[in-house]
$ cat protein.txt   # compact mmCIF, N, CA and C atoms
# COMPACT_ATOMS: atom_id res chain seq x y z
N MET A 27 120.51 71.85 135.47
CA MET A 27 121.74 72.61 135.68
C MET A 27 122.05 72.62 137.17
N TYR A 28 123.25 72.28 137.51
CA TYR A 28 123.71 72.32 138.89
C TYR A 28 124.34 73.69 139.14
N VAL A 29 123.86 74.40 140.16
CA VAL A 29 124.43 75.69 140.53
C VAL A 29 125.23 75.48 141.80
N SER A 30 126.53 75.60 141.68
CA SER A 30 127.41 75.40 142.84
C SER A 30 127.30 76.57 143.81
N ALA A 31 127.76 76.36 145.02
CA ALA A 31 127.81 77.45 146.01
C ALA A 31 128.67 78.58 145.47
N ARG A 32 129.77 78.24 144.82
CA ARG A 32 130.67 79.26 144.26
C ARG A 32 129.93 80.15 143.25
N THR A 33 129.16 79.54 142.38
CA THR A 33 128.40 80.29 141.38
C THR A 33 127.33 81.14 142.03
N ASP A 34 126.59 80.56 142.97
CA ASP A 34 125.55 81.31 143.68
C ASP A 34 126.15 82.50 144.42
N TYR A 35 127.26 82.28 145.11
CA TYR A 35 127.93 83.36 145.84
C TYR A 35 128.40 84.45 144.89
N ALA A 36 128.93 84.05 143.74
CA ALA A 36 129.43 85.04 142.77
C ALA A 36 128.32 85.93 142.26
N VAL A 37 127.19 85.35 141.91
CA VAL A 37 126.07 86.16 141.41
C VAL A 37 125.54 87.06 142.52
N ARG A 38 125.43 86.53 143.74
CA ARG A 38 124.97 87.35 144.87
C ARG A 38 125.94 88.50 145.13
N ALA A 39 127.22 88.22 145.06
CA ALA A 39 128.22 89.28 145.28
C ALA A 39 128.11 90.36 144.22
N MET A 40 127.97 89.96 142.97
CA MET A 40 127.86 90.93 141.89
C MET A 40 126.59 91.77 142.03
N LEU A 41 125.50 91.17 142.49
CA LEU A 41 124.27 91.93 142.70
C LEU A 41 124.44 92.92 143.85
N ALA A 42 125.16 92.54 144.88
CA ALA A 42 125.40 93.45 146.01
C ALA A 42 126.27 94.62 145.57
N VAL A 43 127.28 94.35 144.74
CA VAL A 43 128.12 95.43 144.23
C VAL A 43 127.29 96.35 143.33
N THR A 44 126.42 95.76 142.53
CA THR A 44 125.53 96.54 141.66
C THR A 44 124.62 97.46 142.50
N ALA A 45 124.05 96.91 143.55
CA ALA A 45 123.13 97.68 144.39
C ALA A 45 123.84 98.82 145.10
N ALA A 46 125.12 98.66 145.40
CA ALA A 46 125.88 99.69 146.11
C ALA A 46 126.40 100.79 145.20
N HIS A 47 126.35 100.59 143.92
CA HIS A 47 126.91 101.56 142.96
C HIS A 47 126.37 102.96 143.23
N PRO A 48 127.18 103.97 143.28
CA PRO A 48 128.58 104.07 142.87
C PRO A 48 129.59 103.86 144.01
N ARG A 49 129.10 103.51 145.20
CA ARG A 49 130.02 103.28 146.33
C ARG A 49 130.83 102.01 146.10
N LEU A 50 132.05 101.99 146.65
CA LEU A 50 132.88 100.79 146.64
C LEU A 50 132.41 99.86 147.75
N VAL A 51 132.54 98.57 147.51
CA VAL A 51 132.11 97.56 148.47
C VAL A 51 133.34 96.82 148.97
N LYS A 52 133.51 96.75 150.27
CA LYS A 52 134.61 96.01 150.87
C LYS A 52 134.26 94.53 150.96
N ALA A 53 135.24 93.68 150.77
CA ALA A 53 135.02 92.24 150.78
C ALA A 53 134.41 91.78 152.11
N ALA A 54 134.92 92.28 153.22
CA ALA A 54 134.42 91.85 154.53
C ALA A 54 132.96 92.24 154.71
N GLY A 55 132.60 93.43 154.30
CA GLY A 55 131.21 93.86 154.40
C GLY A 55 130.30 93.06 153.50
N LEU A 56 130.78 92.75 152.31
CA LEU A 56 130.03 91.95 151.36
C LEU A 56 129.81 90.55 151.90
N ALA A 57 130.86 89.96 152.47
CA ALA A 57 130.77 88.62 153.03
C ALA A 57 129.74 88.58 154.16
N ALA A 58 129.78 89.57 155.03
CA ALA A 58 128.85 89.60 156.15
C ALA A 58 127.41 89.81 155.67
N ALA A 59 127.23 90.74 154.75
CA ALA A 59 125.89 91.06 154.26
C ALA A 59 125.24 89.90 153.52
N GLN A 60 126.05 89.13 152.79
CA GLN A 60 125.52 88.04 151.98
C GLN A 60 125.72 86.66 152.63
N ASP A 61 126.28 86.65 153.84
CA ASP A 61 126.52 85.40 154.57
C ASP A 61 127.36 84.42 153.74
N ILE A 62 128.48 84.95 153.23
CA ILE A 62 129.43 84.17 152.44
C ILE A 62 130.74 84.12 153.22
N PRO A 63 131.35 82.95 153.38
CA PRO A 63 132.64 82.88 154.07
C PRO A 63 133.66 83.80 153.38
N LEU A 64 134.31 84.67 154.15
CA LEU A 64 135.20 85.67 153.58
C LEU A 64 136.33 85.05 152.77
N SER A 65 136.95 84.01 153.27
CA SER A 65 138.07 83.41 152.53
C SER A 65 137.61 82.84 151.19
N PHE A 66 136.42 82.28 151.15
CA PHE A 66 135.85 81.76 149.91
C PHE A 66 135.52 82.92 148.97
N LEU A 67 134.93 83.97 149.51
CA LEU A 67 134.56 85.13 148.71
C LEU A 67 135.77 85.80 148.08
N GLN A 68 136.89 85.86 148.79
CA GLN A 68 138.08 86.52 148.24
C GLN A 68 138.55 85.84 146.96
N GLY A 69 138.49 84.53 146.91
CA GLY A 69 138.85 83.80 145.68
C GLY A 69 137.87 84.08 144.56
N ILE A 70 136.59 84.18 144.88
CA ILE A 70 135.57 84.49 143.89
C ILE A 70 135.78 85.89 143.34
N LEU A 71 136.03 86.86 144.22
CA LEU A 71 136.26 88.23 143.78
C LEU A 71 137.48 88.33 142.87
N LEU A 72 138.51 87.55 143.17
CA LEU A 72 139.70 87.52 142.32
C LEU A 72 139.33 87.01 140.92
N ASP A 73 138.56 85.94 140.84
CA ASP A 73 138.13 85.41 139.54
C ASP A 73 137.28 86.44 138.77
N LEU A 74 136.41 87.14 139.47
CA LEU A 74 135.56 88.15 138.83
C LEU A 74 136.39 89.32 138.33
N ARG A 75 137.42 89.67 139.09
CA ARG A 75 138.31 90.75 138.66
C ARG A 75 139.12 90.31 137.45
N ARG A 76 139.65 89.10 137.48
CA ARG A 76 140.43 88.58 136.34
C ARG A 76 139.59 88.48 135.07
N ALA A 77 138.29 88.24 135.24
CA ALA A 77 137.39 88.13 134.08
C ALA A 77 136.96 89.51 133.57
N GLY A 78 137.41 90.56 134.23
CA GLY A 78 137.06 91.91 133.78
C GLY A 78 135.67 92.36 134.20
N LEU A 79 135.11 91.73 135.22
CA LEU A 79 133.78 92.11 135.68
C LEU A 79 133.81 93.07 136.86
N LEU A 80 134.90 93.03 137.63
CA LEU A 80 135.08 93.91 138.78
C LEU A 80 136.39 94.66 138.69
N HIS A 81 136.42 95.84 139.29
CA HIS A 81 137.65 96.59 139.52
C HIS A 81 137.88 96.56 141.02
N SER A 82 139.13 96.44 141.43
CA SER A 82 139.43 96.56 142.85
C SER A 82 140.24 97.83 143.07
N HIS A 83 139.97 98.47 144.19
CA HIS A 83 140.66 99.70 144.56
C HIS A 83 141.29 99.46 145.92
N ARG A 84 142.59 99.70 146.02
CA ARG A 84 143.32 99.45 147.27
C ARG A 84 143.19 100.62 148.22
N GLY A 85 143.57 100.35 149.45
CA GLY A 85 143.66 101.41 150.44
C GLY A 85 142.51 101.38 151.43
N VAL A 86 142.59 102.28 152.39
CA VAL A 86 141.59 102.37 153.46
C VAL A 86 140.19 102.59 152.89
N ASP A 87 140.11 103.40 151.86
CA ASP A 87 138.82 103.68 151.24
C ASP A 87 138.55 102.79 150.04
N GLY A 88 139.31 101.71 149.91
CA GLY A 88 139.19 100.84 148.75
C GLY A 88 138.01 99.90 148.82
N GLY A 89 137.92 99.07 147.81
CA GLY A 89 136.85 98.09 147.73
C GLY A 89 136.66 97.66 146.29
N TYR A 90 135.49 97.14 146.00
CA TYR A 90 135.19 96.62 144.67
C TYR A 90 134.06 97.41 144.02
N ALA A 91 134.16 97.54 142.70
CA ALA A 91 133.13 98.19 141.90
C ALA A 91 133.01 97.43 140.57
N LEU A 92 131.88 97.59 139.92
CA LEU A 92 131.71 96.96 138.61
C LEU A 92 132.70 97.55 137.62
N ALA A 93 133.23 96.70 136.76
CA ALA A 93 134.17 97.15 135.73
C ALA A 93 133.42 97.67 134.50
N ARG A 94 132.18 97.27 134.35
CA ARG A 94 131.32 97.73 133.25
C ARG A 94 129.96 98.07 133.81
N ALA A 95 129.15 98.69 133.01
CA ALA A 95 127.79 99.00 133.43
C ALA A 95 127.03 97.71 133.75
N ALA A 96 126.17 97.76 134.74
CA ALA A 96 125.40 96.59 135.15
C ALA A 96 124.56 96.03 134.00
N GLU A 97 124.13 96.89 133.09
CA GLU A 97 123.35 96.45 131.92
C GLU A 97 124.18 95.62 130.95
N GLU A 98 125.50 95.72 131.06
CA GLU A 98 126.39 95.00 130.14
C GLU A 98 126.94 93.69 130.72
N ILE A 99 126.59 93.38 131.96
CA ILE A 99 127.09 92.16 132.59
C ILE A 99 125.92 91.21 132.80
N THR A 100 125.99 90.05 132.14
CA THR A 100 124.92 89.07 132.27
C THR A 100 125.24 88.06 133.36
N VAL A 101 124.21 87.37 133.79
CA VAL A 101 124.40 86.27 134.73
C VAL A 101 125.34 85.24 134.11
N GLY A 102 125.22 85.02 132.83
CA GLY A 102 126.11 84.08 132.14
C GLY A 102 127.56 84.49 132.23
N ASP A 103 127.85 85.79 132.14
CA ASP A 103 129.22 86.28 132.29
C ASP A 103 129.77 85.90 133.65
N VAL A 104 128.96 86.08 134.68
CA VAL A 104 129.38 85.79 136.05
C VAL A 104 129.59 84.29 136.22
N VAL A 105 128.65 83.50 135.74
CA VAL A 105 128.74 82.04 135.87
C VAL A 105 130.00 81.52 135.19
N ARG A 106 130.27 81.99 133.99
CA ARG A 106 131.46 81.53 133.26
C ARG A 106 132.75 81.99 133.94
N ALA A 107 132.73 83.17 134.56
CA ALA A 107 133.93 83.70 135.22
C ALA A 107 134.37 82.83 136.39
N VAL A 108 133.43 82.23 137.08
CA VAL A 108 133.80 81.45 138.27
C VAL A 108 133.67 79.94 138.08
N GLY A 109 132.95 79.53 137.04
CA GLY A 109 132.73 78.09 136.89
C GLY A 109 133.07 77.51 135.54
N GLY A 110 133.46 78.35 134.59
CA GLY A 110 133.77 77.84 133.26
C GLY A 110 132.50 77.63 132.43
N ALA A 111 132.43 76.53 131.75
CA ALA A 111 131.32 76.23 130.85
C ALA A 111 130.00 76.15 131.61
N LEU A 112 128.92 76.55 130.95
CA LEU A 112 127.60 76.47 131.57
C LEU A 112 127.15 75.03 131.74
N THR A 113 127.44 74.21 130.75
CA THR A 113 127.06 72.80 130.83
C THR A 113 128.24 71.94 130.40
N THR A 114 128.28 70.76 130.95
CA THR A 114 129.26 69.76 130.53
C THR A 114 128.57 68.40 130.52
N VAL A 115 129.15 67.49 129.78
CA VAL A 115 128.69 66.11 129.76
C VAL A 115 129.88 65.26 130.18
N ARG A 116 129.74 64.62 131.31
CA ARG A 116 130.82 63.81 131.88
C ARG A 116 132.10 64.63 132.06
N GLY A 117 131.93 65.90 132.40
CA GLY A 117 133.08 66.77 132.67
C GLY A 117 133.72 67.39 131.44
N LEU A 118 133.18 67.14 130.27
CA LEU A 118 133.73 67.69 129.03
C LEU A 118 132.74 68.67 128.40
N PRO A 119 133.21 69.55 127.53
CA PRO A 119 132.27 70.48 126.87
C PRO A 119 131.15 69.72 126.17
N THR A 120 129.96 70.24 126.29
CA THR A 120 128.76 69.59 125.76
C THR A 120 128.91 69.26 124.28
N ALA A 121 129.48 70.16 123.50
CA ALA A 121 129.59 69.95 122.05
C ALA A 121 130.48 68.76 121.70
N THR A 122 131.34 68.34 122.61
CA THR A 122 132.25 67.23 122.29
C THR A 122 131.67 65.86 122.61
N ALA A 123 130.51 65.82 123.23
CA ALA A 123 129.90 64.53 123.58
C ALA A 123 129.52 63.78 122.31
N THR A 124 129.91 62.53 122.26
CA THR A 124 129.56 61.70 121.10
C THR A 124 128.87 60.43 121.58
N TYR A 125 127.93 59.98 120.80
CA TYR A 125 127.16 58.79 121.13
C TYR A 125 127.01 57.93 119.89
N HIS A 126 126.75 56.66 120.11
CA HIS A 126 126.62 55.71 119.01
C HIS A 126 125.36 54.88 119.19
N GLY A 127 124.91 54.32 118.13
CA GLY A 127 123.77 53.41 118.17
C GLY A 127 122.50 54.08 118.66
N ALA A 128 121.83 53.41 119.59
CA ALA A 128 120.54 53.88 120.08
C ALA A 128 120.63 55.24 120.77
N ALA A 129 121.80 55.64 121.24
CA ALA A 129 121.95 56.90 121.97
C ALA A 129 122.41 58.07 121.09
N THR A 130 122.51 57.87 119.78
CA THR A 130 123.03 58.90 118.88
C THR A 130 122.33 60.24 119.02
N ALA A 131 121.03 60.24 119.17
CA ALA A 131 120.26 61.49 119.24
C ALA A 131 120.46 62.23 120.56
N LEU A 132 121.06 61.60 121.54
CA LEU A 132 121.25 62.23 122.85
C LEU A 132 122.12 63.48 122.77
N HIS A 133 123.07 63.50 121.85
CA HIS A 133 123.92 64.68 121.65
C HIS A 133 123.07 65.92 121.41
N ASP A 134 122.05 65.79 120.56
CA ASP A 134 121.18 66.93 120.25
C ASP A 134 120.40 67.40 121.48
N VAL A 135 120.05 66.49 122.35
CA VAL A 135 119.33 66.85 123.57
C VAL A 135 120.23 67.72 124.46
N TRP A 136 121.48 67.29 124.64
CA TRP A 136 122.39 68.06 125.50
C TRP A 136 122.71 69.43 124.90
N ILE A 137 122.81 69.51 123.60
CA ILE A 137 123.03 70.80 122.95
C ILE A 137 121.81 71.71 123.16
N ALA A 138 120.62 71.15 123.08
CA ALA A 138 119.41 71.93 123.31
C ALA A 138 119.31 72.40 124.77
N VAL A 139 119.72 71.55 125.69
CA VAL A 139 119.74 71.95 127.11
C VAL A 139 120.69 73.13 127.30
N GLU A 140 121.88 73.03 126.71
CA GLU A 140 122.86 74.11 126.82
C GLU A 140 122.29 75.41 126.23
N ALA A 141 121.64 75.32 125.08
CA ALA A 141 121.07 76.50 124.44
C ALA A 141 119.96 77.11 125.30
N ALA A 142 119.17 76.28 125.94
CA ALA A 142 118.10 76.78 126.80
C ALA A 142 118.68 77.52 128.01
N ILE A 143 119.71 76.97 128.60
CA ILE A 143 120.35 77.62 129.75
C ILE A 143 120.96 78.95 129.31
N GLU A 144 121.67 78.94 128.18
CA GLU A 144 122.24 80.18 127.64
C GLU A 144 121.15 81.21 127.38
N GLY A 145 120.01 80.74 126.91
CA GLY A 145 118.90 81.64 126.61
C GLY A 145 118.40 82.38 127.84
N VAL A 146 118.58 81.80 129.00
CA VAL A 146 118.18 82.46 130.24
C VAL A 146 119.32 83.31 130.78
N VAL A 147 120.47 82.70 131.05
CA VAL A 147 121.54 83.42 131.75
C VAL A 147 122.22 84.48 130.90
N ASP A 148 122.20 84.33 129.60
CA ASP A 148 122.83 85.34 128.74
C ASP A 148 121.88 86.48 128.37
N HIS A 149 120.64 86.39 128.83
CA HIS A 149 119.67 87.44 128.54
C HIS A 149 119.13 88.09 129.81
N ARG A 150 119.80 87.86 130.93
CA ARG A 150 119.45 88.50 132.19
C ARG A 150 120.68 89.22 132.70
N ASN A 151 120.60 90.53 132.81
CA ASN A 151 121.77 91.28 133.26
C ASN A 151 121.60 91.72 134.71
N LEU A 152 122.70 92.21 135.28
CA LEU A 152 122.69 92.59 136.69
C LEU A 152 121.74 93.74 136.97
N ALA A 153 121.61 94.67 136.05
CA ALA A 153 120.70 95.80 136.25
C ALA A 153 119.26 95.31 136.38
N GLU A 154 118.86 94.38 135.53
CA GLU A 154 117.50 93.83 135.60
C GLU A 154 117.26 93.14 136.93
N LEU A 155 118.21 92.35 137.35
CA LEU A 155 118.05 91.60 138.59
C LEU A 155 118.06 92.51 139.82
N SER A 156 118.88 93.54 139.76
CA SER A 156 118.99 94.40 140.94
C SER A 156 117.74 95.23 141.17
N ILE A 157 116.98 95.49 140.14
CA ILE A 157 115.74 96.25 140.33
C ILE A 157 114.51 95.35 140.29
N GLY A 158 114.74 94.05 140.14
CA GLY A 158 113.63 93.10 140.16
C GLY A 158 112.68 93.24 139.00
N SER A 159 113.20 93.60 137.82
CA SER A 159 112.31 93.86 136.69
C SER A 159 112.09 92.64 135.80
N ILE A 160 112.58 91.49 136.20
CA ILE A 160 112.35 90.30 135.37
C ILE A 160 110.91 89.87 135.53
N LYS A 161 110.24 89.74 134.42
CA LYS A 161 108.85 89.29 134.44
C LYS A 161 108.82 87.78 134.51
N LYS A 162 107.98 87.27 135.37
CA LYS A 162 107.84 85.81 135.48
C LYS A 162 106.89 85.33 134.40
N ASN A 163 107.30 84.22 133.77
CA ASN A 163 106.45 83.66 132.71
C ASN A 163 105.50 82.66 133.29
$ encode --input "protein.txt" --output "structure tokens"
Amino acid sequence: MYVSARTDYAVRAMLAVTAAHPRLVKAAGLAAAQDIPLSFLQGILLDLRRAGLLHSHRGVDGGYALARAAEEITVGDVVRAVGGALTTVRGLPTATATYHGAATALHDVWIAVEAAIEGVVDHRNLAELSIGSIKKN
């Protein structure tokens, strides 16, 4: 799985907002604290807000807060909000990949890879990550 800078920044931003709860987090402070370019972060925050993961509050005392409880937001939610599908094959959804002849079974491999990734990112929420409670296997 390739994790883009955009995806990494989005998860880091969401964890910082989680850690600050119930205080609002300003974009500039978040960018500085997480060493994320502010202009890049603003686009990410917009995507997270559009996906219903963040609320924004305007004004001098404004900033960002989680739109739902941290226990209800998975890493997979964040990844999909900023990057779309978790996996693709040649830029297309994994399920649409078709193969013929000797490569026919390859489709099942890519589906299994997608399921394995989902098994991790869809079962780790922001609350778990923010308190470091994930047990290493």
$ closest_residue --input "protein.txt" --among "A:Ala128, A:Ala142, A:Ile99, A:Val115" --to "Leu41 (chain A)" --atoms "only C-alpha atoms"
A:Ile99
$ select_by_dssp --input "protein.txt" --residues "chain A" --states "strand (DSSP E)" --output "list in words"
Leu80, His81, Ser82, His83, Gly89, Tyr90, Ala91, Leu92, Thr114, Val115, Leu118 and Pro119 of chain A
$ residues_around --input "protein.txt" --residues "region 86-92 of chain A" --least-positions-apart "6" --cutoff "6.5 Å" --atoms "all atoms listed in the file" --output "PyMOL selection string"
chain A and resi 43-44+49-53+79-80
$ closest_residue --input "protein.txt" --among "A:Ile157, A:Ala46, A:Leu112, A:Leu56" --to "Glu140 (chain A)" --atoms "all atoms listed in the file"
A:Leu112
$ residues_near_point --input "protein.txt" --point "(124.2, 101.7, 129.8)" --cutoff "12 Å" --atoms "only C-alpha atoms" --output "PDB file with N, CA and C atoms, in the frame of the given file"
ATOM      1  N   ARG A  94     132.180  97.270 134.350  1.00  0.00           N
ATOM      2  CA  ARG A  94     131.320  97.730 133.250  1.00  0.00           C
ATOM      3  C   ARG A  94     129.960  98.070 133.810  1.00  0.00           C
ATOM      4  N   ALA A  95     129.150  98.690 133.010  1.00  0.00           N
ATOM      5  CA  ALA A  95     127.790  99.000 133.430  1.00  0.00           C
ATOM      6  C   ALA A  95     127.030  97.710 133.750  1.00  0.00           C
ATOM      7  N   ALA A  96     126.170  97.760 134.740  1.00  0.00           N
ATOM      8  CA  ALA A  96     125.400  96.590 135.150  1.00  0.00           C
ATOM      9  C   ALA A  96     124.560  96.030 134.000  1.00  0.00           C
ATOM     10  N   GLU A  97     124.130  96.890 133.090  1.00  0.00           N
ATOM     11  CA  GLU A  97     123.350  96.450 131.920  1.00  0.00           C
ATOM     12  C   GLU A  97     124.180  95.620 130.950  1.00  0.00           C
ATOM     13  N   GLU A  98     125.500  95.720 131.060  1.00  0.00           N
ATOM     14  CA  GLU A  98     126.390  95.000 130.140  1.00  0.00           C
ATOM     15  C   GLU A  98     126.940  93.690 130.720  1.00  0.00           C
ATOM     16  N   ILE A  99     126.590  93.380 131.960  1.00  0.00           N
ATOM     17  CA  ILE A  99     127.090  92.160 132.590  1.00  0.00           C
ATOM     18  C   ILE A  99     125.920  91.210 132.800  1.00  0.00           C
ATOM     19  N   ASN A 151     120.600  90.530 132.810  1.00  0.00           N
ATOM     20  CA  ASN A 151     121.770  91.280 133.260  1.00  0.00           C
ATOM     21  C   ASN A 151     121.600  91.720 134.710  1.00  0.00           C
ATOM     22  N   LEU A 152     122.700  92.210 135.280  1.00  0.00           N
ATOM     23  CA  LEU A 152     122.690  92.590 136.690  1.00  0.00           C
ATOM     24  C   LEU A 152     121.740  93.740 136.970  1.00  0.00           C
ATOM     25  N   ALA A 153     121.610  94.670 136.050  1.00  0.00           N
ATOM     26  CA  ALA A 153     120.700  95.800 136.250  1.00  0.00           C
ATOM     27  C   ALA A 153     119.260  95.310 136.380  1.00  0.00           C
ATOM     28  N   GLU A 154     118.860  94.380 135.530  1.00  0.00           N
ATOM     29  CA  GLU A 154     117.500  93.830 135.600  1.00  0.00           C
ATOM     30  C   GLU A 154     117.260  93.140 136.930  1.00  0.00           C
TER      31      GLU A 154
END
$ residues_near_point --input "protein.txt" --point "(118.4, 81.7, 136.1)" --cutoff "10 Å" --atoms "only C-alpha atoms" --output "list in words"
Met27, Val29, Val101, Gly102, Ile143, Glu144, Gly145, Val146, Val147, Asp148, His149 and Arg150 of chain A
$ atom_distance --input "protein.txt" --atom1 "atom C of Ile70 (chain A)" --atom2 "CA of Arg116 (chain A)"
25.4 Å
$ select_by_dssp --input "protein.txt" --residues "region 47-154 of chain A" --states "helix (DSSP H, G or I)" --output "VMD selection string"
chain A and resid 53 to 60 64 to 76 96 to 98 101 to 109 120 to 122 127 to 129 132 to 147 152 to 154
$ atom_distance --input "protein.txt" --atom1 "atom C of Gly78 (chain A)" --atom2 "CA of Ala93 (chain A)"
5.2 Å
$ decode --input "protein.txt" --residues "region 62-83 of chain A" --atoms "N, CA and C atoms" --output "PDB file, in the first residue's frame"
ATOM      1  N   ILE A  62       3.411  20.500   8.605  1.00  0.00           N
ATOM      2  CA  ILE A  62       2.679  20.308   7.355  1.00  0.00           C
ATOM      3  C   ILE A  62       2.542  21.678   6.690  1.00  0.00           C
ATOM      4  N   PRO A  63       2.857  21.800   5.404  1.00  0.00           N
ATOM      5  CA  PRO A  63       2.676  23.092   4.728  1.00  0.00           C
ATOM      6  C   PRO A  63       1.221  23.562   4.868  1.00  0.00           C
ATOM      7  N   LEU A  64       1.033  24.802   5.335  1.00  0.00           N
ATOM      8  CA  LEU A  64      -0.302  25.312   5.624  1.00  0.00           C
ATOM      9  C   LEU A  64      -1.217  25.273   4.406  1.00  0.00           C
ATOM     10  N   SER A  65      -0.732  25.682   3.254  1.00  0.00           N
ATOM     11  CA  SER A  65      -1.598  25.704   2.069  1.00  0.00           C
ATOM     12  C   SER A  65      -2.053  24.291   1.702  1.00  0.00           C
ATOM     13  N   PHE A  66      -1.188  23.312   1.868  1.00  0.00           N
ATOM     14  CA  PHE A  66      -1.535  21.918   1.598  1.00  0.00           C
ATOM     15  C   PHE A  66      -2.546  21.430   2.640  1.00  0.00           C
ATOM     16  N   LEU A  67      -2.309  21.770   3.896  1.00  0.00           N
ATOM     17  CA  LEU A  67      -3.191  21.353   4.980  1.00  0.00           C
ATOM     18  C   LEU A  67      -4.595  21.920   4.815  1.00  0.00           C
ATOM     19  N   GLN A  68      -4.719  23.147   4.348  1.00  0.00           N
ATOM     20  CA  GLN A  68      -6.046  23.751   4.196  1.00  0.00           C
ATOM     21  C   GLN A  68      -6.916  22.949   3.228  1.00  0.00           C
ATOM     22  N   GLY A  69      -6.336  22.448   2.156  1.00  0.00           N
ATOM     23  CA  GLY A  69      -7.082  21.596   1.224  1.00  0.00           C
ATOM     24  C   GLY A  69      -7.488  20.279   1.862  1.00  0.00           C
ATOM     25  N   ILE A  70      -6.605  19.709   2.671  1.00  0.00           N
ATOM     26  CA  ILE A  70      -6.897  18.463   3.371  1.00  0.00           C
ATOM     27  C   ILE A  70      -8.028  18.676   4.366  1.00  0.00           C
ATOM     28  N   LEU A  71      -7.960  19.760   5.130  1.00  0.00           N
ATOM     29  CA  LEU A  71      -9.012  20.051   6.109  1.00  0.00           C
ATOM     30  C   LEU A  71     -10.360  20.245   5.430  1.00  0.00           C
ATOM     31  N   LEU A  72     -10.357  20.856   4.261  1.00  0.00           N
ATOM     32  CA  LEU A  72     -11.599  21.028   3.502  1.00  0.00           C
ATOM     33  C   LEU A  72     -12.174  19.660   3.118  1.00  0.00           C
ATOM     34  N   ASP A  73     -11.334  18.758   2.633  1.00  0.00           N
ATOM     35  CA  ASP A  73     -11.799  17.404   2.282  1.00  0.00           C
ATOM     36  C   ASP A  73     -12.343  16.665   3.507  1.00  0.00           C
ATOM     37  N   LEU A  74     -11.681  16.816   4.641  1.00  0.00           N
ATOM     38  CA  LEU A  74     -12.128  16.148   5.867  1.00  0.00           C
ATOM     39  C   LEU A  74     -13.455  16.727   6.345  1.00  0.00           C
ATOM     40  N   ARG A  75     -13.624  18.022   6.169  1.00  0.00           N
ATOM     41  CA  ARG A  75     -14.893  18.655   6.541  1.00  0.00           C
ATOM     42  C   ARG A  75     -15.999  18.192   5.605  1.00  0.00           C
ATOM     43  N   ARG A  76     -15.732  18.162   4.315  1.00  0.00           N
ATOM     44  CA  ARG A  76     -16.730  17.711   3.333  1.00  0.00           C
ATOM     45  C   ARG A  76     -17.136  16.257   3.562  1.00  0.00           C
ATOM     46  N   ALA A  77     -16.215  15.460   4.076  1.00  0.00           N
ATOM     47  CA  ALA A  77     -16.503  14.048   4.345  1.00  0.00           C
ATOM     48  C   ALA A  77     -17.242  13.858   5.669  1.00  0.00           C
ATOM     49  N   GLY A  78     -17.482  14.944   6.382  1.00  0.00           N
ATOM     50  CA  GLY A  78     -18.213  14.854   7.642  1.00  0.00           C
ATOM     51  C   GLY A  78     -17.370  14.390   8.818  1.00  0.00           C
ATOM     52  N   LEU A  79     -16.053  14.532   8.705  1.00  0.00           N
ATOM     53  CA  LEU A  79     -15.172  14.109   9.786  1.00  0.00           C
ATOM     54  C   LEU A  79     -14.771  15.262  10.704  1.00  0.00           C
ATOM     55  N   LEU A  80     -14.796  16.481  10.167  1.00  0.00           N
ATOM     56  CA  LEU A  80     -14.458  17.675  10.934  1.00  0.00           C
ATOM     57  C   LEU A  80     -15.570  18.703  10.840  1.00  0.00           C
ATOM     58  N   HIS A  81     -15.678  19.521  11.878  1.00  0.00           N
ATOM     59  CA  HIS A  81     -16.509  20.721  11.867  1.00  0.00           C
ATOM     60  C   HIS A  81     -15.553  21.897  11.888  1.00  0.00           C
ATOM     61  N   SER A  82     -15.886  22.945  11.161  1.00  0.00           N
ATOM     62  CA  SER A  82     -15.085  24.161  11.255  1.00  0.00           C
ATOM     63  C   SER A  82     -15.931  25.250  11.901  1.00  0.00           C
ATOM     64  N   HIS A  83     -15.269  26.054  12.706  1.00  0.00           N
ATOM     65  CA  HIS A  83     -15.922  27.159  13.400  1.00  0.00           C
ATOM     66  C   HIS A  83     -15.183  28.428  13.012  1.00  0.00           C
TER      67      HIS A  83
END
